[in-house]
Structure formats: C-alpha cells, structure tokens
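Below is one structure, written out as structure tokens, with a few remarks after it.
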Amino acid sequence: MTEISISNDSFFNIWPYVSELKAAKILSKKIKESELIHKVYRNSTNDFEHILLATEKENHFVKVVVDKNKKKALGYLLLDL
C-alpha cells in the first residue's frame with residue numbers, strides 16, 4: 001500500500017458513502033468534511049483504496065475500502081489504533 005497525498009484529488013469520491021455513514025451514525029455529523037479524511041492508501045495495482053476517516057475519538061478511525069475498477073465502496077471497518 002502506498003500513501004496518497006490528501007491534497008491529491010485523484011482518490012475515489014467517497015462523499016455519497018460518507019453521507020450514508022453519517023445517517024447511520026457511524027460517523028459524527030460534527031466533524032467538518034475538510035478534516036474528515038486522515039490518510040489515503042492505494043495498492044500497487046491501483047485497484048483498491050483504503051481511506052481513513054477521522055472520528056471524534058483520538059486514534060479511532062473508520063476505514064472505507066474502495067474498489068476503483070467497480071467504482072464503488074465495498075464497506076468499512078472500525079479501527080482502534
């Protein structure tokens with residue numbers, strides 16, 4: 001996995017999926033979208049992206065896994081680092 005710069009807009013558009021996570025109360029609506037994306041990683045074949053989203057708790061993240069070929073989010077994981 002290679003880290004991609006957050007300022008690089010070439011990563012997958014996750015905002016519709018983020019809206020679903022907020023509606024399901026998995027992500028807080030209090031976090032500003034400009035501060036939501038913590039890190040973005042892409043695999044060596046450029047097929048998948050793992051996007052870490054910040055939560056209100058320190059070192060707790062929601063990881064969204066994206067299939068770039070199918071152009072859809074596959075799901076999420078809760079990470080407690």
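By order in the structure tokens, chains are A, B, ...; within a chain, residues start at 1; ligands start at 1, following the order shown.
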
Which residues are close to stretch 17-20 of chain A, i.e. within 12 Å by only C-alpha atoms, leaving aside same-chain residues fewer than 6 positions away? Reply as a JSON list (two decimals) with all heavy atoms, in the first residue's frame.
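The resulting file, result.json, is shown below:
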[["chain", "number", "residue", "atom", "x", "y", "z"],
["A", 26, "ILE", "N", -22.52, 6.17, 12.16],
["A", 26, "ILE", "CA", -21.20, 5.54, 12.26],
["A", 26, "ILE", "C", -20.14, 6.63, 12.28],
["A", 26, "ILE", "O", -19.14, 6.51, 12.97],
["A", 26, "ILE", "CB", -20.99, 4.56, 11.09],
["A", 26, "ILE", "CG1", -21.98, 3.41, 11.25],
["A", 26, "ILE", "CG2", -19.56, 4.05, 11.02],
["A", 26, "ILE", "CD1", -22.20, 2.56, 10.04],
["A", 27, "LEU", "N", -20.39, 7.69, 11.54],
["A", 27, "LEU", "CA", -19.54, 8.89, 11.57],
["A", 27, "LEU", "C", -20.34, 10.04, 12.17],
["A", 27, "LEU", "O", -21.54, 10.15, 11.92],
["A", 27, "LEU", "CB", -19.11, 9.28, 10.16],
["A", 27, "LEU", "CG", -18.01, 8.46, 9.51],
["A", 27, "LEU", "CD1", -17.81, 8.88, 8.07],
["A", 27, "LEU", "CD2", -16.70, 8.63, 10.27],
["A", 28, "SER", "N", -19.65, 10.88, 12.90],
["A", 28, "SER", "CA", -20.31, 12.04, 13.52],
["A", 28, "SER", "C", -20.56, 13.13, 12.49],
["A", 28, "SER", "O", -19.72, 13.39, 11.63],
["A", 28, "SER", "CB", -19.43, 12.59, 14.64],
["A", 28, "SER", "OG", -19.96, 13.80, 15.11],
["A", 29, "LYS", "N", -21.69, 13.77, 12.59],
["A", 29, "LYS", "CA", -22.00, 14.90, 11.71],
["A", 29, "LYS", "C", -21.26, 16.15, 12.14],
["A", 29, "LYS", "O", -21.23, 17.13, 11.41],
["A", 29, "LYS", "CB", -23.51, 15.16, 11.71],
["A", 29, "LYS", "CG", -24.30, 14.03, 11.11],
["A", 29, "LYS", "CD", -25.78, 14.30, 11.14],
["A", 29, "LYS", "CE", -26.54, 13.11, 10.56],
["A", 29, "LYS", "NZ", -27.97, 13.31, 10.56],
["A", 31, "ILE", "N", -17.99, 16.49, 12.63],
["A", 31, "ILE", "CA", -16.66, 16.63, 12.02],
["A", 31, "ILE", "C", -16.80, 17.31, 10.67],
["A", 31, "ILE", "O", -17.59, 16.90, 9.83],
["A", 31, "ILE", "CB", -15.97, 15.25, 11.87],
["A", 31, "ILE", "CG1", -15.82, 14.59, 13.23],
["A", 31, "ILE", "CG2", -14.62, 15.40, 11.20],
["A", 31, "ILE", "CD1", -15.31, 13.18, 13.18],
["A", 32, "LYS", "N", -16.01, 18.36, 10.46],
["A", 32, "LYS", "CA", -16.03, 19.08, 9.19],
["A", 32, "LYS", "C", -15.48, 18.19, 8.09],
["A", 32, "LYS", "O", -14.52, 17.45, 8.30],
["A", 32, "LYS", "CB", -15.19, 20.35, 9.28],
["A", 32, "LYS", "CG", -15.68, 21.33, 10.29],
["A", 32, "LYS", "CD", -14.74, 22.51, 10.37],
["A", 32, "LYS", "CE", -15.14, 23.44, 11.50],
["A", 32, "LYS", "NZ", -14.16, 24.50, 11.70],
["A", 33, "GLU", "N", -16.06, 18.25, 6.89],
["A", 33, "GLU", "CA", -15.59, 17.43, 5.79],
["A", 33, "GLU", "C", -14.13, 17.71, 5.45],
["A", 33, "GLU", "O", -13.41, 16.82, 5.05],
["A", 33, "GLU", "CB", -16.48, 17.59, 4.56],
["A", 33, "GLU", "CG", -17.81, 16.90, 4.73],
["A", 33, "GLU", "CD", -18.62, 16.82, 3.45],
["A", 33, "GLU", "OE1", -18.19, 17.34, 2.42],
["A", 33, "GLU", "OE2", -19.70, 16.21, 3.51],
["A", 36, "LEU", "N", -12.14, 15.49, 7.71],
["A", 36, "LEU", "CA", -12.59, 14.10, 7.83],
["A", 36, "LEU", "C", -11.56, 13.09, 7.32],
["A", 36, "LEU", "O", -11.30, 12.08, 7.95],
["A", 36, "LEU", "CB", -13.91, 13.93, 7.08],
["A", 36, "LEU", "CG", -14.62, 12.61, 7.29],
["A", 36, "LEU", "CD1", -14.98, 12.41, 8.75],
["A", 36, "LEU", "CD2", -15.89, 12.58, 6.46],
["A", 37, "ILE", "N", -10.94, 13.35, 6.18],
["A", 37, "ILE", "CA", -10.01, 12.38, 5.60],
["A", 37, "ILE", "C", -8.66, 12.50, 6.29],
["A", 37, "ILE", "O", -8.03, 13.55, 6.26],
["A", 37, "ILE", "CB", -9.87, 12.57, 4.08],
["A", 37, "ILE", "CG1", -11.22, 12.33, 3.41],
["A", 37, "ILE", "CG2", -8.80, 11.64, 3.52],
["A", 37, "ILE", "CD1", -11.22, 12.57, 1.93],
["A", 51, "ILE", "N", -9.31, 4.37, 2.68],
["A", 51, "ILE", "CA", -9.41, 5.76, 3.08],
["A", 51, "ILE", "C", -9.75, 5.82, 4.56],
["A", 51, "ILE", "O", -10.79, 5.31, 4.98],
["A", 51, "ILE", "CB", -10.47, 6.50, 2.23],
["A", 51, "ILE", "CG1", -10.12, 6.36, 0.75],
["A", 51, "ILE", "CG2", -10.58, 7.96, 2.65],
["A", 51, "ILE", "CD1", -11.20, 6.82, -0.19],
["A", 52, "LEU", "N", -8.83, 6.39, 5.36],
["A", 52, "LEU", "CA", -9.04, 6.50, 6.79],
["A", 52, "LEU", "C", -9.76, 7.81, 7.10],
["A", 52, "LEU", "O", -9.30, 8.88, 6.71],
["A", 52, "LEU", "CB", -7.71, 6.48, 7.55],
["A", 52, "LEU", "CG", -6.93, 5.19, 7.53],
["A", 52, "LEU", "CD1", -5.66, 5.35, 8.35],
["A", 52, "LEU", "CD2", -7.75, 4.04, 8.08],
["A", 53, "LEU", "N", -10.88, 7.69, 7.78],
["A", 53, "LEU", "CA", -11.68, 8.86, 8.16],
["A", 53, "LEU", "C", -11.55, 9.08, 9.66],
["A", 53, "LEU", "O", -11.62, 8.14, 10.45],
["A", 53, "LEU", "CB", -13.15, 8.63, 7.79],
["A", 53, "LEU", "CG", -13.42, 8.29, 6.34],
["A", 53, "LEU", "CD1", -14.89, 8.00, 6.14],
["A", 53, "LEU", "CD2", -12.96, 9.41, 5.42],
["A", 54, "ALA", "N", -11.38, 10.33, 10.04],
["A", 54, "ALA", "CA", -11.26, 10.69, 11.45],
["A", 54, "ALA", "C", -12.60, 10.53, 12.16],
["A", 54, "ALA", "O", -13.66, 10.67, 11.56],
["A", 54, "ALA", "CB", -10.78, 12.12, 11.57],
["A", 62, "VAL", "N", -12.50, 5.29, 10.88],
["A", 62, "VAL", "CA", -13.35, 4.46, 10.05],
["A", 62, "VAL", "C", -12.59, 4.31, 8.73],
["A", 62, "VAL", "O", -12.24, 5.30, 8.10],
["A", 62, "VAL", "CB", -14.73, 5.10, 9.81],
["A", 62, "VAL", "CG1", -15.53, 4.28, 8.81],
["A", 62, "VAL", "CG2", -15.49, 5.23, 11.11],
["A", 63, "LYS", "N", -12.30, 3.06, 8.36],
["A", 63, "LYS", "CA", -11.58, 2.81, 7.11],
["A", 63, "LYS", "C", -12.60, 2.37, 6.05],
["A", 63, "LYS", "O", -13.33, 1.41, 6.24],
["A", 63, "LYS", "CB", -10.53, 1.71, 7.28],
["A", 63, "LYS", "CG", -9.81, 1.38, 5.97],
["A", 63, "LYS", "CD", -8.65, 0.44, 6.16],
["A", 63, "LYS", "CE", -9.10, -0.96, 6.34],
["A", 63, "LYS", "NZ", -7.99, -1.94, 6.29],
["A", 64, "VAL", "N", -12.64, 3.12, 4.97],
["A", 64, "VAL", "CA", -13.53, 2.80, 3.85],
["A", 64, "VAL", "C", -12.67, 2.12, 2.79],
["A", 64, "VAL", "O", -11.63, 2.65, 2.38],
["A", 64, "VAL", "CB", -14.20, 4.06, 3.27],
["A", 64, "VAL", "CG1", -15.05, 3.72, 2.06],
["A", 64, "VAL", "CG2", -15.04, 4.74, 4.34],
["A", 65, "VAL", "N", -13.10, 0.94, 2.35],
["A", 65, "VAL", "CA", -12.40, 0.20, 1.30],
["A", 65, "VAL", "C", -13.14, 0.40, -0.01],
["A", 65, "VAL", "O", -14.35, 0.19, -0.08],
["A", 65, "VAL", "CB", -12.30, -1.31, 1.64],
["A", 65, "VAL", "CG1", -11.57, -2.06, 0.55],
["A", 65, "VAL", "CG2", -11.62, -1.50, 2.99],
["A", 66, "VAL", "N", -12.40, 0.83, -1.03],
["A", 66, "VAL", "CA", -12.99, 1.19, -2.32],
["A", 66, "VAL", "C", -12.40, 0.32, -3.43],
["A", 66, "VAL", "O", -11.19, 0.13, -3.49],
["A", 66, "VAL", "CB", -12.70, 2.68, -2.63],
["A", 66, "VAL", "CG1", -13.15, 3.05, -4.02],
["A", 66, "VAL", "CG2", -13.34, 3.57, -1.59],
["A", 71, "LYS", "N", -15.82, 1.07, -9.23],
["A", 71, "LYS", "CA", -16.22, 2.43, -8.87],
["A", 71, "LYS", "C", -17.27, 2.44, -7.76],
["A", 71, "LYS", "O", -18.31, 3.08, -7.86],
["A", 71, "LYS", "CB", -16.71, 3.19, -10.09],
["A", 71, "LYS", "CG", -15.64, 3.36, -11.14],
["A", 71, "LYS", "CD", -16.13, 4.14, -12.32],
["A", 71, "LYS", "CE", -15.00, 4.25, -13.33],
["A", 71, "LYS", "NZ", -15.40, 4.94, -14.52],
["A", 72, "LYS", "N", -16.95, 1.67, -6.68],
["A", 72, "LYS", "CA", -17.87, 1.67, -5.54],
["A", 72, "LYS", "C", -17.14, 1.34, -4.25],
["A", 72, "LYS", "O", -16.08, 0.70, -4.27],
["A", 72, "LYS", "CB", -19.02, 0.71, -5.76],
["A", 72, "LYS", "CG", -18.66, -0.75, -5.71],
["A", 72, "LYS", "CD", -19.91, -1.60, -5.85],
["A", 72, "LYS", "CE", -19.69, -2.99, -5.33],
["A", 72, "LYS", "NZ", -20.91, -3.77, -5.29],
["A", 73, "ALA", "N", -17.71, 1.82, -3.17],
["A", 73, "ALA", "CA", -17.19, 1.49, -1.85],
["A", 73, "ALA", "C", -17.66, 0.09, -1.49],
["A", 73, "ALA", "O", -18.83, -0.25, -1.65],
["A", 73, "ALA", "CB", -17.69, 2.50, -0.83],
["A", 74, "LEU", "N", -16.71, -0.74, -1.03],
["A", 74, "LEU", "CA", -17.04, -2.12, -0.67],
["A", 74, "LEU", "C", -17.54, -2.24, 0.76],
["A", 74, "LEU", "O", -18.28, -3.16, 1.07],
["A", 74, "LEU", "CB", -15.81, -3.01, -0.86],
["A", 74, "LEU", "CG", -15.27, -3.10, -2.28],
["A", 74, "LEU", "CD1", -14.02, -3.94, -2.32],
["A", 74, "LEU", "CD2", -16.33, -3.68, -3.21],
["A", 75, "GLY", "N", -17.13, -1.32, 1.61],
["A", 75, "GLY", "CA", -17.55, -1.38, 3.00],
["A", 75, "GLY", "C", -16.62, -0.57, 3.87],
["A", 75, "GLY", "O", -15.79, 0.18, 3.39],
["A", 76, "TYR", "N", -16.78, -0.77, 5.17],
["A", 76, "TYR", "CA", -15.98, -0.01, 6.13],
["A", 76, "TYR", "C", -15.56, -0.90, 7.28],
["A", 76, "TYR", "O", -16.16, -1.95, 7.53],
["A", 76, "TYR", "CB", -16.74, 1.21, 6.64],
["A", 76, "TYR", "CG", -17.88, 0.85, 7.57],
["A", 76, "TYR", "CD1", -17.68, 0.81, 8.94],
["A", 76, "TYR", "CD2", -19.14, 0.53, 7.07],
["A", 76, "TYR", "CE1", -18.72, 0.46, 9.79],
["A", 76, "TYR", "CE2", -20.18, 0.19, 7.91],
["A", 76, "TYR", "CZ", -19.95, 0.16, 9.28],
["A", 76, "TYR", "OH", -20.97, -0.19, 10.12]]

Find the residues around A:Thr2 up to 10 Å (only C-alpha atoms counted), leave out those fewer than 4 positions away in its own chain, and share them as a ChimeraX atom specification. /A:40-44,46,49-50

Atoms to include: N, CA and C atoms. Write the selected residues as an mmCIF file, in the first residue's frame.
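The resulting file, part31.cif, is shown below:
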data_model
loop_
_atom_site.group_PDB
_atom_site.id
_atom_site.type_symbol
_atom_site.label_atom_id
_atom_site.label_comp_id
_atom_site.auth_asym_id
_atom_site.auth_seq_id
_atom_site.Cartn_x
_atom_site.Cartn_y
_atom_site.Cartn_z
ATOM 1 N N VAL A 40 -4.998 8.372 2.932
ATOM 2 C CA VAL A 40 -5.492 7.586 1.801
ATOM 3 C C VAL A 40 -4.356 6.687 1.341
ATOM 4 N N TYR A 41 -4.659 5.392 1.194
ATOM 5 C CA TYR A 41 -3.674 4.424 0.722
ATOM 6 C C TYR A 41 -4.217 3.721 -0.513
ATOM 7 N N ARG A 42 -3.324 3.400 -1.447
ATOM 8 C CA ARG A 42 -3.706 2.690 -2.675
ATOM 9 C C ARG A 42 -2.771 1.488 -2.839
ATOM 10 N N ASN A 43 -3.335 0.366 -3.309
ATOM 11 C CA ASN A 43 -2.496 -0.814 -3.501
ATOM 12 C C ASN A 43 -1.636 -0.654 -4.759
ATOM 13 N N SER A 44 -0.680 -1.557 -4.943
ATOM 14 C CA SER A 44 0.307 -1.425 -6.021
ATOM 15 C C SER A 44 -0.288 -1.572 -7.417
ATOM 16 N N ASN A 46 -3.265 -0.369 -8.213
ATOM 17 C CA ASN A 46 -4.229 0.732 -8.335
ATOM 18 C C ASN A 46 -5.678 0.260 -8.432
ATOM 19 N N GLU A 49 -8.475 1.269 -2.840
ATOM 20 C CA GLU A 49 -8.045 2.342 -1.959
ATOM 21 C C GLU A 49 -8.610 2.102 -0.564
ATOM 22 N N HIS A 50 -7.819 2.449 0.422
ATOM 23 C CA HIS A 50 -8.233 2.393 1.820
ATOM 24 C C HIS A 50 -8.175 3.833 2.309
#

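Distance check against A:Glu3 using only C-alpha atoms: of A:Thr55, A:Lys30, A:Lys39, A:Asp80, the minimum falls on A:Lys39.
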
In Å, how far is it from atom CA of A:Phe11 to atom CA of A:Asp47?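 These two atoms are separated by 11.2 Å.
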
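Those residues in stretch 30-65 of chain A carrying a DSSP assignment of strand (DSSP E or B), computed from the backbone, are Ile37, His38, Lys39, Val40, Tyr41, Arg42, Phe48, Glu49, His50, Ile51, Leu52, Leu53, Ala54, His60, Phe61, Val62, Lys63, Val64 and Val65 of chain A.
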
Nearest residue to A:Lys57 out of A:Pro16, A:Ser5, A:Leu78, A:Ala24, using only C-alpha atoms?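 The answer is A:Leu78, which sits nearest to A:Lys57.
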
Distance in Å - atom CA of A:Ala23 versus atom CA of A:Ile4: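 Distance reported for this atom pair: 27.4 Å.
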
In chain A, DSSP helix (DSSP H, G or I) residues written as number ranges by chain: A: 15-23, 33-36

Output all heavy atoms for every residue in that selection, as an mmCIF file, in the first residue's frame.
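As written to disk, selection_28.cif reads:
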data_model
loop_
_atom_site.group_PDB
_atom_site.id
_atom_site.type_symbol
_atom_site.label_atom_id
_atom_site.label_comp_id
_atom_site.auth_asym_id
_atom_site.auth_seq_id
_atom_site.Cartn_x
_atom_site.Cartn_y
_atom_site.Cartn_z
ATOM 1 N N TRP A 15 -17.833 10.806 -0.884
ATOM 2 C CA TRP A 15 -18.797 11.640 -0.169
ATOM 3 C C TRP A 15 -20.215 11.076 -0.134
ATOM 4 O O TRP A 15 -20.869 11.175 0.917
ATOM 5 C CB TRP A 15 -18.747 13.072 -0.679
ATOM 6 C CG TRP A 15 -17.351 13.604 -0.499
ATOM 7 C CD1 TRP A 15 -16.475 13.948 -1.484
ATOM 8 C CD2 TRP A 15 -16.643 13.772 0.736
ATOM 9 N NE1 TRP A 15 -15.269 14.327 -0.937
ATOM 10 C CE2 TRP A 15 -15.354 14.227 0.421
ATOM 11 C CE3 TRP A 15 -16.978 13.571 2.059
ATOM 12 C CZ2 TRP A 15 -14.399 14.492 1.398
ATOM 13 C CZ3 TRP A 15 -16.024 13.837 3.037
ATOM 14 C CH2 TRP A 15 -14.758 14.294 2.703
ATOM 15 N N PRO A 16 -20.736 10.457 -1.187
ATOM 16 C CA PRO A 16 -22.065 9.836 -1.046
ATOM 17 C C PRO A 16 -22.070 8.722 0.015
ATOM 18 O O PRO A 16 -23.017 8.590 0.797
ATOM 19 C CB PRO A 16 -22.356 9.276 -2.437
ATOM 20 C CG PRO A 16 -21.526 10.103 -3.355
ATOM 21 C CD PRO A 16 -20.275 10.421 -2.580
ATOM 22 N N TYR A 17 -20.987 7.938 0.065
ATOM 23 C CA TYR A 17 -20.870 6.871 1.052
ATOM 24 C C TYR A 17 -20.718 7.451 2.455
ATOM 25 O O TYR A 17 -21.299 6.941 3.416
ATOM 26 C CB TYR A 17 -19.692 5.959 0.706
ATOM 27 C CG TYR A 17 -19.659 4.681 1.502
ATOM 28 C CD1 TYR A 17 -20.595 3.683 1.276
ATOM 29 C CD2 TYR A 17 -18.700 4.476 2.477
ATOM 30 C CE1 TYR A 17 -20.574 2.506 2.015
ATOM 31 C CE2 TYR A 17 -18.669 3.308 3.216
ATOM 32 C CZ TYR A 17 -19.607 2.332 2.982
ATOM 33 O OH TYR A 17 -19.588 1.168 3.715
ATOM 34 N N VAL A 18 -19.965 8.539 2.584
ATOM 35 C CA VAL A 18 -19.804 9.210 3.876
ATOM 36 C C VAL A 18 -21.161 9.688 4.390
ATOM 37 O O VAL A 18 -21.459 9.568 5.579
ATOM 38 C CB VAL A 18 -18.797 10.375 3.764
ATOM 39 C CG1 VAL A 18 -18.868 11.293 4.971
ATOM 40 C CG2 VAL A 18 -17.389 9.826 3.589
ATOM 41 N N SER A 19 -21.993 10.199 3.508
ATOM 42 C CA SER A 19 -23.338 10.637 3.906
ATOM 43 C C SER A 19 -24.140 9.476 4.483
ATOM 44 O O SER A 19 -24.858 9.642 5.478
ATOM 45 C CB SER A 19 -24.079 11.233 2.710
ATOM 46 O OG SER A 19 -23.454 12.410 2.289
ATOM 47 N N GLU A 20 -24.000 8.289 3.885
ATOM 48 C CA GLU A 20 -24.694 7.100 4.408
ATOM 49 C C GLU A 20 -24.164 6.731 5.793
ATOM 50 O O GLU A 20 -24.934 6.351 6.680
ATOM 51 C CB GLU A 20 -24.513 5.919 3.456
ATOM 52 C CG GLU A 20 -25.231 6.064 2.135
ATOM 53 C CD GLU A 20 -24.979 4.885 1.206
ATOM 54 O OE1 GLU A 20 -24.678 3.781 1.701
ATOM 55 O OE2 GLU A 20 -25.063 5.092 -0.016
ATOM 56 N N LEU A 21 -22.842 6.823 5.980
ATOM 57 C CA LEU A 21 -22.247 6.506 7.280
ATOM 58 C C LEU A 21 -22.691 7.500 8.348
ATOM 59 O O LEU A 21 -22.911 7.126 9.499
ATOM 60 C CB LEU A 21 -20.720 6.477 7.176
ATOM 61 C CG LEU A 21 -20.121 5.356 6.331
ATOM 62 C CD1 LEU A 21 -18.610 5.515 6.231
ATOM 63 C CD2 LEU A 21 -20.476 3.989 6.884
ATOM 64 N N LYS A 22 -22.843 8.766 7.968
ATOM 65 C CA LYS A 22 -23.329 9.770 8.918
ATOM 66 C C LYS A 22 -24.795 9.511 9.265
ATOM 67 O O LYS A 22 -25.197 9.621 10.425
ATOM 68 C CB LYS A 22 -23.160 11.172 8.352
ATOM 69 C CG LYS A 22 -21.719 11.645 8.364
ATOM 70 C CD LYS A 22 -21.613 13.053 7.825
ATOM 71 C CE LYS A 22 -20.196 13.574 7.906
ATOM 72 N NZ LYS A 22 -20.091 14.957 7.411
ATOM 73 N N ALA A 23 -25.596 9.156 8.273
ATOM 74 C CA ALA A 23 -27.013 8.870 8.516
ATOM 75 C C ALA A 23 -27.180 7.663 9.437
ATOM 76 O O ALA A 23 -28.103 7.616 10.251
ATOM 77 C CB ALA A 23 -27.734 8.631 7.191
ATOM 78 N N GLU A 33 -16.062 18.252 6.893
ATOM 79 C CA GLU A 33 -15.589 17.426 5.786
ATOM 80 C C GLU A 33 -14.135 17.714 5.449
ATOM 81 O O GLU A 33 -13.407 16.822 5.051
ATOM 82 C CB GLU A 33 -16.483 17.593 4.562
ATOM 83 C CG GLU A 33 -17.810 16.896 4.728
ATOM 84 C CD GLU A 33 -18.618 16.816 3.450
ATOM 85 O OE1 GLU A 33 -18.186 17.345 2.417
ATOM 86 O OE2 GLU A 33 -19.701 16.213 3.511
ATOM 87 N N SER A 34 -13.690 18.955 5.630
ATOM 88 C CA SER A 34 -12.295 19.295 5.331
ATOM 89 C C SER A 34 -11.319 18.619 6.291
ATOM 90 O O SER A 34 -10.132 18.501 5.985
ATOM 91 C CB SER A 34 -12.098 20.811 5.372
ATOM 92 O OG SER A 34 -12.379 21.312 6.666
ATOM 93 N N GLU A 35 -11.802 18.145 7.441
ATOM 94 C CA GLU A 35 -10.959 17.483 8.436
ATOM 95 C C GLU A 35 -11.242 15.985 8.527
ATOM 96 O O GLU A 35 -10.642 15.289 9.342
ATOM 97 C CB GLU A 35 -11.180 18.126 9.801
ATOM 98 C CG GLU A 35 -10.823 19.597 9.839
ATOM 99 C CD GLU A 35 -11.226 20.266 11.143
ATOM 100 O OE1 GLU A 35 -11.761 19.579 12.042
ATOM 101 O OE2 GLU A 35 -11.008 21.480 11.243
ATOM 102 N N LEU A 36 -12.137 15.486 7.712
ATOM 103 C CA LEU A 36 -12.586 14.101 7.829
ATOM 104 C C LEU A 36 -11.556 13.093 7.320
ATOM 105 O O LEU A 36 -11.304 12.083 7.951
ATOM 106 C CB LEU A 36 -13.906 13.926 7.083
ATOM 107 C CG LEU A 36 -14.623 12.614 7.285
ATOM 108 C CD1 LEU A 36 -14.984 12.410 8.754
ATOM 109 C CD2 LEU A 36 -15.894 12.580 6.457
#
